[in-house]
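Q: Just so it is clear, I am handing over run10.pdb, which has PDB, C-alpha atoms and all ligand atoms.
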```pdb
ATOM      1  CA  MET A   1     -22.905 -14.706   8.191
ATOM      2  CA  LYS A   2     -20.972 -12.225   6.072
ATOM      3  CA  GLU A   3     -17.405 -13.092   5.017
ATOM      4  CA  TYR A   4     -14.616 -10.563   5.412
ATOM      5  CA  TYR A   5     -11.006 -10.348   4.277
ATOM      6  CA  ILE A   6      -8.141  -8.315   5.677
ATOM      7  CA  GLY A   7      -5.574  -6.680   3.407
ATOM      8  CA  VAL A   8      -2.230  -5.337   4.659
ATOM      9  CA  ASP A   9       0.209  -3.151   2.702
ATOM     10  CA  ILE A  10       3.680  -2.827   4.274
ATOM     11  CA  GLY A  11       5.778  -0.015   2.852
ATOM     12  CA  GLY A  12       8.855   1.874   3.986
ATOM     13  CA  THR A  13       6.821   4.704   5.542
ATOM     14  CA  TRP A  14       3.278   3.417   6.109
ATOM     15  CA  ILE A  15       1.506   0.205   6.989
ATOM     16  CA  ARG A  16      -2.093   0.215   5.724
ATOM     17  CA  ILE A  17      -4.626  -2.281   6.976
ATOM     18  CA  ALA A  18      -8.149  -2.673   5.541
ATOM     19  CA  ILE A  19     -11.176  -4.859   6.055
ATOM     20  CA  ALA A  20     -13.121  -5.668   2.903
ATOM     21  CA  THR A  21     -15.844  -7.864   1.501
ATOM     22  CA  ARG A  22     -15.154 -10.568  -1.069
ATOM     23  CA  ASP A  23     -15.842  -8.208  -3.968
ATOM     24  CA  GLY A  24     -13.008  -5.898  -2.854
ATOM     25  CA  SER A  25     -15.141  -3.162  -1.263
ATOM     26  CA  ILE A  26     -13.143  -1.653   1.591
ATOM     27  CA  ILE A  27     -15.254  -1.081   4.715
ATOM     28  CA  GLU A  28     -12.627   0.360   7.026
ATOM     29  CA  LYS A  29      -9.004   1.347   6.630
ATOM     30  CA  THR A  30      -6.326   2.091   9.231
ATOM     31  CA  VAL A  31      -2.931   3.605   8.526
ATOM     32  CA  LYS A  32       0.058   3.244  10.897
ATOM     33  CA  LYS A  33       3.590   4.541  10.643
ATOM     34  CA  THR A  34       6.060   1.787   9.802
ATOM     35  CA  PRO A  35       8.139   1.259  12.990
ATOM     36  CA  ARG A  36      11.623   2.733  12.656
ATOM     37  CA  GLU A  37      13.114   0.322  15.179
ATOM     38  CA  GLY A  38      12.321  -2.909  16.990
ATOM     39  CA  ASP A  39      12.987  -6.618  16.767
ATOM     40  CA  ARG A  40      11.929  -9.223  14.246
ATOM     41  CA  TYR A  41       8.407  -9.435  15.721
ATOM     42  CA  THR A  42       7.666  -5.676  16.042
ATOM     43  CA  ILE A  43       5.899  -5.343  12.687
ATOM     44  CA  ALA A  44       3.869  -8.549  13.060
ATOM     45  CA  ASN A  45       2.846  -7.464  16.587
ATOM     46  CA  LEU A  46       1.764  -4.036  15.362
ATOM     47  CA  ILE A  47      -0.440  -5.667  12.705
ATOM     48  CA  ILE A  48      -1.933  -8.114  15.239
ATOM     49  CA  GLU A  49      -2.671  -5.321  17.745
ATOM     50  CA  THR A  50      -4.218  -3.067  15.088
ATOM     51  CA  ILE A  51      -6.480  -5.853  13.848
ATOM     52  CA  LYS A  52      -7.492  -6.753  17.415
ATOM     53  CA  THR A  53      -8.293  -3.168  18.414
ATOM     54  CA  SER A  54      -9.542  -1.429  15.245
ATOM     55  CA  LEU A  55     -11.161  -4.368  13.453
ATOM     56  CA  ASN A  56     -12.186  -6.492  16.428
ATOM     57  CA  LYS A  57     -15.890  -6.656  15.577
ATOM     58  CA  TYR A  58     -15.086  -8.304  12.230
ATOM     59  CA  VAL A  59     -12.363 -10.736  13.316
ATOM     60  CA  GLU A  60     -14.656 -13.698  13.847
ATOM     61  CA  SER A  61     -15.965 -13.406  10.277
ATOM     62  CA  VAL A  62     -12.550 -12.907   8.676
ATOM     63  CA  LYS A  63     -11.723 -15.752   6.286
ATOM     64  CA  ALA A  64      -8.109 -14.879   5.481
ATOM     65  CA  ILE A  65      -5.466 -12.160   5.617
ATOM     66  CA  GLY A  66      -3.477 -11.007   2.598
ATOM     67  CA  ILE A  67      -0.198  -9.079   2.861
ATOM     68  CA  GLY A  68       1.755  -7.233   0.205
ATOM     69  CA  THR A  69       5.168  -6.143   1.451
ATOM     70  CA  ALA A  70       8.302  -4.552   0.143
ATOM     71  CA  GLY A  71      10.846  -7.353  -0.195
ATOM     72  CA  PRO A  72      12.909  -9.407  -0.727
ATOM     73  CA  MET A  73      11.420 -12.259   1.224
ATOM     74  CA  ASP A  74      11.535 -15.941   1.991
ATOM     75  CA  LEU A  75       8.110 -17.105   0.859
ATOM     76  CA  ALA A  76       8.421 -20.575   2.409
ATOM     77  CA  LEU A  77       9.106 -19.073   5.865
ATOM     78  CA  GLY A  78       6.770 -16.094   5.433
ATOM     79  CA  ALA A  79       9.518 -13.663   6.424
ATOM     80  CA  VAL A  80      11.024 -10.499   4.943
ATOM     81  CA  ILE A  81      14.799 -10.706   4.559
ATOM     82  CA  ASN A  82      17.037  -7.646   4.342
ATOM     83  CA  ALA A  83      14.539  -5.251   2.718
ATOM     84  CA  PRO A  84      16.443  -2.099   1.677
ATOM     85  CA  ASN A  85      13.370   0.180   1.946
ATOM     86  CA  ILE A  86      11.970  -0.878   5.352
ATOM     87  CA  PRO A  87      13.761   0.410   8.493
ATOM     88  CA  ILE A  88      13.560  -2.969  10.301
ATOM     89  CA  ARG A  89      15.049  -4.873   7.404
ATOM     90  CA  THR A  90      14.529  -8.480   8.468
ATOM     91  CA  PHE A  91      11.358  -9.667  10.199
ATOM     92  CA  GLU A  92       8.978 -12.544  10.731
ATOM     93  CA  LEU A  93       5.617 -11.777   9.217
ATOM     94  CA  ALA A  94       3.090 -14.420   8.258
ATOM     95  CA  LYS A  95       3.537 -17.095  10.906
ATOM     96  CA  PRO A  96       3.213 -14.967  14.072
ATOM     97  CA  ILE A  97       0.048 -13.347  12.666
ATOM     98  CA  GLN A  98      -1.321 -16.708  11.608
ATOM     99  CA  ASP A  99      -0.527 -18.298  14.993
ATOM    100  CA  VAL A 100      -2.233 -15.568  17.042
ATOM    101  CA  LEU A 101      -5.260 -14.810  14.853
ATOM    102  CA  LYS A 102      -5.768 -18.387  13.575
ATOM    103  CA  LYS A 103      -6.389 -17.240  10.000
ATOM    104  CA  SER A 104      -4.392 -18.182   6.934
ATOM    105  CA  VAL A 105      -2.012 -15.433   5.862
ATOM    106  CA  ILE A 106      -1.217 -15.148   2.151
ATOM    107  CA  MET A 107       1.792 -12.922   1.523
ATOM    108  CA  ALA A 108       3.743 -11.761  -1.504
ATOM    109  CA  ASN A 109       6.012  -9.000  -2.758
ATOM    110  CA  ASP A 110       4.103  -5.691  -3.057
ATOM    111  CA  CYS A 111       4.216  -5.528  -6.870
ATOM    112  CA  VAL A 112       3.231  -9.191  -7.207
ATOM    113  CA  THR A 113       0.363  -8.352  -4.861
ATOM    114  CA  ALA A 114      -0.523  -5.317  -6.999
ATOM    115  CA  VAL A 115      -0.728  -7.280 -10.254
ATOM    116  CA  TRP A 116      -3.010  -9.816  -8.547
ATOM    117  CA  GLY A 117      -5.196  -6.921  -7.369
ATOM    118  CA  GLU A 118      -5.418  -5.561 -10.928
ATOM    119  CA  LYS A 119      -6.235  -9.035 -12.272
ATOM    120  CA  THR A 120      -8.921  -9.643  -9.634
ATOM    121  CA  PHE A 121     -10.554  -6.233  -9.225
ATOM    122  CA  GLY A 122      -8.990  -3.751 -11.654
ATOM    123  CA  LEU A 123      -7.987  -3.086 -15.247
ATOM    124  CA  GLY A 124      -6.478  -6.579 -15.628
ATOM    125  CA  LYS A 125      -9.805  -8.334 -15.073
ATOM    126  CA  LYS A 126     -10.545  -9.229 -18.685
ATOM    127  CA  TYR A 127      -6.954 -10.175 -19.617
ATOM    128  CA  GLU A 128      -4.826 -13.319 -19.237
ATOM    129  CA  ASN A 129      -1.488 -11.509 -19.672
ATOM    130  CA  VAL A 130      -1.074  -8.629 -17.273
ATOM    131  CA  VAL A 131       1.988  -6.720 -16.078
ATOM    132  CA  TYR A 132       2.074  -4.192 -13.238
ATOM    133  CA  ILE A 133       5.027  -1.802 -13.034
ATOM    134  CA  THR A 134       5.653   0.679 -10.237
ATOM    135  CA  ILE A 135       7.918   3.668 -10.723
ATOM    136  CA  SER A 136       8.313   4.926  -7.187
ATOM    137  CA  THR A 137      11.226   5.046  -4.706
ATOM    138  CA  GLY A 138      12.311   1.910  -6.579
ATOM    139  CA  ILE A 139      11.117   0.205  -9.760
ATOM    140  CA  GLY A 140       9.311  -3.103  -9.428
ATOM    141  CA  GLY A 141       6.953  -5.370 -11.276
ATOM    142  CA  GLY A 142       4.399  -8.131 -11.003
ATOM    143  CA  ILE A 143       3.684 -10.435 -13.915
ATOM    144  CA  ILE A 144       0.844 -12.734 -14.959
ATOM    145  CA  VAL A 145       1.352 -14.839 -18.099
ATOM    146  CA  ASN A 146      -1.566 -16.952 -19.372
ATOM    147  CA  ASP A 147      -3.293 -16.463 -16.015
ATOM    148  CA  LEU A 148      -0.246 -17.763 -14.114
ATOM    149  CA  LEU A 149       1.261 -15.452 -11.498
ATOM    150  CA  LEU A 150       5.032 -15.666 -12.026
ATOM    151  CA  LEU A 151       7.026 -16.422  -8.840
ATOM    152  CA  GLY A 152      10.346 -18.129  -9.669
ATOM    153  CA  LYS A 153      12.443 -20.495  -7.560
ATOM    154  CA  MET A 154      12.760 -17.992  -4.683
ATOM    155  CA  GLY A 155       9.895 -15.670  -5.546
ATOM    156  CA  ASN A 156      11.920 -13.162  -7.578
ATOM    157  CA  ALA A 157      10.677 -13.789 -11.131
ATOM    158  CA  HIS A 158       9.444 -10.196 -11.338
ATOM    159  CA  GLU A 159      12.518  -8.132 -10.324
ATOM    160  CA  ILE A 160      12.395  -5.982 -13.431
ATOM    161  CA  GLY A 161      13.949  -2.919 -11.772
ATOM    162  CA  HIS A 162      17.248  -4.793 -11.662
ATOM    163  CA  MET A 163      17.438  -5.564 -15.366
ATOM    164  CA  VAL A 164      20.503  -4.142 -17.069
ATOM    165  CA  VAL A 165      19.558  -1.308 -19.420
ATOM    166  CA  ASP A 166      23.041   0.217 -19.686
ATOM    167  CA  VAL A 167      25.974  -2.151 -20.236
ATOM    168  CA  SER A 168      28.399   0.715 -19.760
ATOM    169  CA  GLY A 169      27.115   0.674 -16.151
ATOM    170  CA  LYS A 170      27.330   4.415 -15.539
ATOM    171  CA  MET A 171      25.112   4.208 -12.466
ATOM    172  CA  ARG A 172      25.342   1.805  -9.551
ATOM    173  CA  CYS A 173      22.085   0.406  -8.182
ATOM    174  CA  GLY A 174      21.168   0.126  -4.490
ATOM    175  CA  CYS A 175      21.455  -3.668  -4.905
ATOM    176  CA  GLY A 176      25.131  -3.266  -5.841
ATOM    177  CA  GLY A 177      24.717  -3.973  -9.559
ATOM    178  CA  TYR A 178      25.646  -1.607 -12.383
ATOM    179  CA  GLY A 179      23.449  -0.261 -15.168
ATOM    180  CA  HIS A 180      20.159  -1.415 -13.630
ATOM    181  CA  TRP A 181      16.966   0.377 -14.761
ATOM    182  CA  GLU A 182      16.141   1.424 -11.185
ATOM    183  CA  ALA A 183      19.521   3.172 -10.863
ATOM    184  CA  TYR A 184      18.494   5.698 -13.556
ATOM    185  CA  ALA A 185      14.751   6.175 -13.284
ATOM    186  CA  SER A 186      13.449   5.501  -9.749
ATOM    187  CA  GLY A 187      12.527   8.343  -7.386
ATOM    188  CA  ALA A 188      15.467   7.624  -5.079
ATOM    189  CA  ASN A 189      18.024   7.541  -7.890
ATOM    190  CA  ILE A 190      16.822  10.238 -10.304
ATOM    191  CA  PRO A 191      18.724  13.007  -8.419
ATOM    192  CA  LYS A 192      21.978  10.993  -8.637
ATOM    193  CA  TYR A 193      21.576  10.313 -12.348
ATOM    194  CA  ALA A 194      20.563  13.934 -13.016
ATOM    195  CA  SER A 195      23.703  15.095 -11.177
ATOM    196  CA  LEU A 196      25.848  12.847 -13.353
ATOM    197  CA  LEU A 197      24.239  14.321 -16.494
ATOM    198  CA  LEU A 198      24.817  17.877 -15.254
ATOM    199  CA  GLU A 199      28.469  17.040 -14.596
ATOM    200  CA  MET A 200      28.879  15.610 -18.106
ATOM    201  CA  TRP A 201      26.943  18.184 -20.142
ATOM    202  CA  SER A 202      28.315  21.528 -21.247
ATOM    203  CA  LEU A 203      25.405  23.809 -20.409
ATOM    204  CA  SER A 204      24.221  26.935 -22.217
ATOM    205  CA  ASP A 205      23.944  30.208 -20.294
ATOM    206  CA  VAL A 206      20.140  29.859 -20.270
ATOM    207  CA  GLU A 207      20.415  26.339 -18.830
ATOM    208  CA  LYS A 208      22.743  27.589 -16.118
ATOM    209  CA  GLU A 209      19.932  29.952 -15.021
ATOM    210  CA  SER A 210      17.633  26.966 -14.378
ATOM    211  CA  GLN A 211      16.545  26.264 -10.815
ATOM    212  CA  ILE A 212      17.703  22.695 -11.469
ATOM    213  CA  TYR A 213      21.284  23.812 -11.932
ATOM    214  CA  LYS A 214      21.124  25.890  -8.744
ATOM    215  CA  ALA A 215      19.710  22.926  -6.804
ATOM    216  CA  TYR A 216      22.441  20.704  -8.241
ATOM    217  CA  ARG A 217      25.128  23.099  -7.019
ATOM    218  CA  ASP A 218      23.443  23.379  -3.587
ATOM    219  CA  ASN A 219      23.090  19.599  -3.428
ATOM    220  CA  THR A 220      19.280  19.838  -3.010
ATOM    221  CA  LEU A 221      18.205  18.173  -6.264
ATOM    222  CA  SER A 222      15.132  15.939  -5.900
ATOM    223  CA  SER A 223      12.976  14.069  -8.396
ATOM    224  CA  GLU A 224       9.938  16.104  -7.234
ATOM    225  CA  LEU A 225      11.755  19.343  -8.117
ATOM    226  CA  ILE A 226      12.852  18.078 -11.542
ATOM    227  CA  TYR A 227       9.302  17.035 -12.521
ATOM    228  CA  SER A 228       7.560  20.091 -11.081
ATOM    229  CA  ILE A 229       9.905  22.503 -12.853
ATOM    230  CA  ALA A 230       9.661  20.522 -16.075
ATOM    231  CA  LYS A 231       5.886  21.064 -15.964
ATOM    232  CA  GLU A 232       6.555  24.805 -15.993
ATOM    233  CA  GLY A 233       8.530  24.309 -19.206
ATOM    234  CA  ASP A 234      12.097  24.436 -17.836
ATOM    235  CA  LYS A 235      14.328  23.287 -20.703
ATOM    236  CA  LEU A 236      17.042  21.748 -18.534
ATOM    237  CA  ALA A 237      14.534  19.732 -16.473
ATOM    238  CA  LEU A 238      12.897  18.505 -19.684
ATOM    239  CA  ARG A 239      16.299  17.549 -21.116
ATOM    240  CA  ILE A 240      17.031  15.464 -17.993
ATOM    241  CA  ILE A 241      13.599  13.822 -18.108
ATOM    242  CA  ASN A 242      14.182  12.988 -21.750
ATOM    243  CA  GLU A 243      17.317  11.046 -20.751
ATOM    244  CA  ILE A 244      15.528   9.295 -17.860
ATOM    245  CA  ASN A 245      12.738   8.268 -20.219
ATOM    246  CA  LYS A 246      15.211   6.531 -22.531
ATOM    247  CA  TYR A 247      15.742   4.047 -19.673
ATOM    248  CA  ASN A 248      12.013   3.837 -18.923
ATOM    249  CA  ILE A 249      11.308   3.077 -22.576
ATOM    250  CA  ALA A 250      14.136   0.483 -22.660
ATOM    251  CA  GLY A 251      12.743  -1.138 -19.497
ATOM    252  CA  PHE A 252       9.209  -1.270 -20.863
ATOM    253  CA  GLU A 253      10.465  -2.557 -24.231
ATOM    254  CA  ASN A 254      12.271  -5.412 -22.451
ATOM    255  CA  VAL A 255       9.207  -6.246 -20.364
ATOM    256  CA  VAL A 256       6.896  -6.218 -23.401
ATOM    257  CA  ASN A 257       9.260  -8.425 -25.407
ATOM    258  CA  LEU A 258       9.787 -10.826 -22.478
ATOM    259  CA  TYR A 259       6.208 -11.333 -21.283
ATOM    260  CA  ASP A 260       3.992 -10.349 -24.236
ATOM    261  CA  PRO A 261       1.345  -8.664 -22.050
ATOM    262  CA  GLU A 262      -2.057  -7.474 -23.235
ATOM    263  CA  ILE A 263      -1.972  -4.655 -20.709
ATOM    264  CA  VAL A 264       0.753  -2.973 -18.643
ATOM    265  CA  ILE A 265      -0.686  -1.155 -15.625
ATOM    266  CA  VAL A 266       1.532   1.531 -14.131
ATOM    267  CA  GLY A 267       1.618   2.725 -10.516
ATOM    268  CA  GLY A 268       4.025   4.426  -8.140
ATOM    269  CA  SER A 269       4.248   8.090  -7.187
ATOM    270  CA  VAL A 270       6.791   9.140  -9.840
ATOM    271  CA  ALA A 271       4.552   7.810 -12.630
ATOM    272  CA  LEU A 272       1.145   8.731 -11.184
ATOM    273  CA  LYS A 273       2.053  12.311 -10.233
ATOM    274  CA  ASN A 274       3.643  12.949 -13.643
ATOM    275  CA  LYS A 275       1.478  10.987 -16.069
ATOM    276  CA  GLU A 276       2.242  13.173 -19.115
ATOM    277  CA  LEU A 277       5.989  13.245 -18.486
ATOM    278  CA  VAL A 278       6.294   9.551 -17.641
ATOM    279  CA  ILE A 279       3.448   7.328 -18.860
ATOM    280  CA  ASP A 280       2.602   9.309 -22.051
ATOM    281  CA  ARG A 281       6.295   9.513 -22.989
ATOM    282  CA  ILE A 282       6.728   5.754 -22.506
ATOM    283  CA  ARG A 283       3.651   5.105 -24.663
ATOM    284  CA  GLU A 284       5.018   7.362 -27.430
ATOM    285  CA  GLY A 285       8.486   5.825 -27.155
ATOM    286  CA  LEU A 286       7.156   2.292 -27.525
ATOM    287  CA  LYS A 287       5.048   3.286 -30.534
ATOM    288  CA  LYS A 288       8.156   4.641 -32.265
ATOM    289  CA  SER A 289      10.406   1.747 -31.263
ATOM    290  CA  PRO A 290      11.404  -0.614 -34.055
ATOM    291  CA  GLY A 291      12.368  -3.235 -31.452
ATOM    292  CA  ILE A 292       8.996  -4.463 -30.181
ATOM    293  CA  VAL A 293       8.677  -8.023 -31.476
ATOM    294  CA  THR A 294       5.031  -8.442 -30.513
ATOM    295  CA  SER A 295       1.892  -6.299 -30.757
ATOM    296  CA  LEU A 296       1.866  -3.324 -28.399
ATOM    297  CA  PRO A 297      -0.062  -3.729 -25.149
ATOM    298  CA  ARG A 298      -2.336  -1.107 -23.604
ATOM    299  CA  ILE A 299      -0.419   1.019 -21.106
ATOM    300  CA  GLU A 300      -2.614   2.522 -18.376
ATOM    301  CA  PRO A 301      -2.182   4.069 -14.926
ATOM    302  CA  THR A 302      -3.733   2.089 -12.065
ATOM    303  CA  VAL A 303      -7.160   3.345 -11.025
ATOM    304  CA  PHE A 304      -6.521   2.349  -7.393
ATOM    305  CA  GLU A 305      -3.739   4.939  -6.909
ATOM    306  CA  ASP A 306      -2.337   4.648  -3.328
ATOM    307  CA  ASP A 307      -4.601   1.710  -2.506
ATOM    308  CA  ILE A 308      -3.305  -0.611  -5.224
ATOM    309  CA  VAL A 309      -1.213  -2.857  -2.931
ATOM    310  CA  LEU A 310      -4.045  -2.913  -0.385
ATOM    311  CA  MET A 311      -6.485  -4.023  -3.097
ATOM    312  CA  GLY A 312      -3.982  -6.672  -4.134
ATOM    313  CA  ALA A 313      -3.642  -7.905  -0.548
ATOM    314  CA  ILE A 314      -7.436  -8.245  -0.305
ATOM    315  CA  ALA A 315      -7.359 -10.160  -3.605
ATOM    316  CA  LEU A 316      -4.625 -12.489  -2.245
ATOM    317  CA  ALA A 317      -6.810 -13.231   0.783
ATOM    318  CA  ALA A 318     -10.100 -13.690  -1.080
ATOM    319  CA  TYR A 319      -8.790 -15.373  -4.249
ATOM    320  CA  PRO A 320      -5.347 -16.825  -3.420
ATOM    321  CA  PRO A 321      -3.318 -17.942  -6.465
ATOM    322  CA  GLN A 322      -2.759 -21.688  -6.073
ATOM    323  CA  ASN A 323       0.928 -21.680  -7.048
ATOM    324  CA  LEU A 324       1.577 -19.033  -4.384
ATOM    325  CA  VAL A 325      -0.296 -21.073  -1.750
ATOM    326  CA  LYS A 326       1.968 -24.015  -2.649
ATOM    327  CA  ALA A 327       5.079 -21.848  -2.190
ATOM    328  CA  LEU A 328       3.987 -20.589   1.256
ATOM    329  CA  LYS A 329       5.093 -23.648   3.247
ATOM    330  CA  TYR A 330       4.205 -22.044   6.612
ATOM    331  CA  LEU A 331       0.502 -22.295   5.676
ATOM    332  CA  GLN A 332       0.686 -26.017   6.466
ATOM    333  CA  THR A 333       1.327 -25.217  10.132
ATOM    334  CA  LEU A 334      -2.069 -23.522  10.630
TER     335      LEU A 334
HETATM  336 ZN    ZN B   1      19.727  -3.378  -8.919
END
```
Can the structure in the file be given as C-alpha cells, please?
Ligand SMILES: [Zn+2]
A:
Amino acid sequence: MKEYYIGVDIGGTWIRIAIATRDGSIIEKTVKKTPREGDRYTIANLIIETIKTSLNKYVESVKAIGIGTAGPMDLALGAVINAPNIPIRTFELAKPIQDVLKKSVIMANDCVTAVWGEKTFGLGKKYENVVYITISTGIGGGIIVNDLLLLGKMGNAHEIGHMVVDVSGKMRCGCGGYGHWEAYASGANIPKYASLLLEMWSLSDVEKESQIYKAYRDNTLSSELIYSIAKEGDKLALRIINEINKYNIAGFENVVNLYDPEIVIVGGSVALKNKELVIDRIREGLKKSPGIVTSLPRIEPTVFEDDIVLMGAIALAAYPPQNLVKALKYLQTL
C-alpha cells in the first residue's frame, strides 16, 4: 500500500493543505481562507473537515500530518499562543487533529518548517548548515546548524526578525521592542519607516514630484508601491530602498556571523517579488562588508515560492526531526 503524508500551512490569510508522497510530490492541494473569527477549536476543525472531505480517499494510507504555522506557539501543548498575524490569535492545533484523525501531528513555526523543507527537498539538501529567511509581512527565520534544527527552550531559537539592528531604536516593532530588524524592513513596517525617512529628509524639488511623496502625503504609502516605482527608476523610492537594505544587510550579517551557514535561502513576498532590489542588494552588501567573520554563504531565493511552508510541513510529517518530536509532548497521548 502506498504511504501518504499531509502538509498544512497556516498563514494569516490562507490555510493550505496538501497530500503528498514520501518524496515530497504533491498530489492534491486545497486552499481555504483563514477564519476571521471563531473559538480555539475553529482552525483545527476546519483542517479536520477539509481532510475528511477533500482528501478522504487517502486518509487510511496517511502516515503523519505536518503543520507549519505562524507563531508564537507552545510546542509541548501543540497550540498557537497570541499570534499577531492570525485573526484568531490563540488556538489548539495539534491535539484535536491528532485525536480525531488518529495520526501523529508534527508542528512547528512556519520558518522552522520552511528550513526543514529546504533541507529535505530543496536547495539545502546537500548542506549541514542551512538558514531560511523570509522577508514578508514580518521577518522570520529557521536555522539548521550541523544538521541540528535549532529550537530553543520554548521553540524560539530562530526569532531573527526581532534582533536589534538599531540601538537608537527609531522604529518600534509590533512585538513592542525598539530597533528590531522587522520594524524597518518587513512588508507591514516598510511604509512606516519610509514615512519617518520622508519626515526627516529635506527633499529636492524633483523628489517632491515622486509618486512616493504624493502617496506619503495622502497616507497611502505601501511597500508594493515603493518597490514597483523603484523598478521604474524613481530616485526617491530607490533612496528609501537603499536605507531599508542597510537593515537587511545588517540582519543577514548578524545571521551569517551567528550561525555560519553554507547557504541562506530566502523566501517571502517582499524578497521574491523584488529579487534584484532585495536579494541581489543583500548579496552585494555582504560581499562589501568588512564585518563577516566567516566565509560567505550562498544566498539564493527558494525554488518552492508560495509552497515553501507546505513543502516543509510535508517534510516534517515524512522525516520528523527527532529533537522536535521530543519537544512535542502531546505526541505521547496518541
Ligand atoms: Zn520585535
Q: Please determine, counting only C-alpha atoms, which residue among A:Gly78, A:Ser204, A:Ile86, A:Ile19 has the shortest atom-to-atom distance to Leu55 (chain A).
A: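 Smallest separation from Leu55 (chain A) among the options: A:Ile19.
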Q: Got a sec to resolve the PyMOL selection byres (((chain A and resi 246-257) around 7) and not hetatm) on this structure and send the residues as a PyMOL selection string?
A: chain A and resi 165+181+184-185+242-245+258-261+282+285-286+292-294
Q: Counting all atoms listed in the file, which protein, DNA or RNA residues come within 10 Å of ligand ZN 1 (chain B), given as a list of chain:residue names?
A: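 The residues within 10 Å of ligand ZN 1 (chain B), counting all atoms listed in the file, are A:Gly138, A:Ile139, A:Glu159, A:Ile160, A:Gly161, A:His162, A:Met163, A:Val164, A:Met171, A:Arg172, A:Cys173, A:Gly174, A:Cys175, A:Gly176, A:Gly177, A:Tyr178, A:Gly179, A:His180, A:Trp181, A:Glu182, A:Ala183.
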Q: Do a neighbour search on Tyr5 (chain A) at 10 Å with only C-alpha atoms, toss out local chain neighbours closer than 2 positions, and write the hits as a list in words.
A: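 Residues meeting the cut-off are Glu3, Gly7, Ala18, Ile19, Ala20, Thr21, Arg22, Asp23, Gly24, Ser25, Ile26, Tyr58, Val59, Ser61, Val62, Lys63, Ala64, Ile65, Gly66, Ala313, Ile314, Ala315, Leu316, Ala317 and Ala318 of chain A.
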Q: With the PyMOL selection byres (((chain A and resi 34-44) around 6) and not hetatm) as the selection, what would be picked from this file? Answer as a PyMOL selection string, please.
A: chain A and resi 13-15+33+45-47+87-88+91-93
Q: Return the single residue from A:Asn85, A:Asn189, A:Ser289, A:Thr134 that is closest to Leu221 (chain A), with distances computed using only C-alpha atoms.
A: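 Going through A:Asn85, A:Asn189, A:Ser289, A:Thr134 one by one, the smallest distance to Leu221 (chain A) is for A:Asn189.
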Q: Name every residue that the PyMOL selection byres (((chain A and resi 308-312) around 6) and not hetatm) selects in this structure, writing the answer as a list of chain:residue names with chains first and numbers rising.
A: A:Gly7, A:Val8, A:Asp9, A:Thr113, A:Ala114, A:Trp116, A:Gly117, A:Phe304, A:Glu305, A:Asp306, A:Asp307, A:Ala313, A:Ile314, A:Ala315
Q: Would you export the selected residues with C-alpha atoms as a PDB file, keeping the file's coordinate frame, please?
A:
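Printed below is result-v4.pdb as written:
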```pdb
ATOM      1  CA  GLY A   7      -5.574  -6.680   3.407  1.00  0.00           C
ATOM      2  CA  VAL A   8      -2.230  -5.337   4.659  1.00  0.00           C
ATOM      3  CA  ASP A   9       0.209  -3.151   2.702  1.00  0.00           C
ATOM      4  CA  THR A 113       0.363  -8.352  -4.861  1.00  0.00           C
ATOM      5  CA  ALA A 114      -0.523  -5.317  -6.999  1.00  0.00           C
ATOM      6  CA  TRP A 116      -3.010  -9.816  -8.547  1.00  0.00           C
ATOM      7  CA  GLY A 117      -5.196  -6.921  -7.369  1.00  0.00           C
ATOM      8  CA  PHE A 304      -6.521   2.349  -7.393  1.00  0.00           C
ATOM      9  CA  GLU A 305      -3.739   4.939  -6.909  1.00  0.00           C
ATOM     10  CA  ASP A 306      -2.337   4.648  -3.328  1.00  0.00           C
ATOM     11  CA  ASP A 307      -4.601   1.710  -2.506  1.00  0.00           C
ATOM     12  CA  ALA A 313      -3.642  -7.905  -0.548  1.00  0.00           C
ATOM     13  CA  ILE A 314      -7.436  -8.245  -0.305  1.00  0.00           C
ATOM     14  CA  ALA A 315      -7.359 -10.160  -3.605  1.00  0.00           C
TER      15      ALA A 315
END
```
Q: Identify which of the residues A:Gln332, A:Ile6, A:Asn323, A:Val303 lies closest to Phe121 (chain A), counting all atoms listed in the file when measuring atom-to-atom distances.
A: A:Val303
Q: If I take CA of Thr90 (chain A) and CA of Ser104 (chain A), how far is one from the other in Å, to one decimal?
A: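 So the answer is 21.3 Å.
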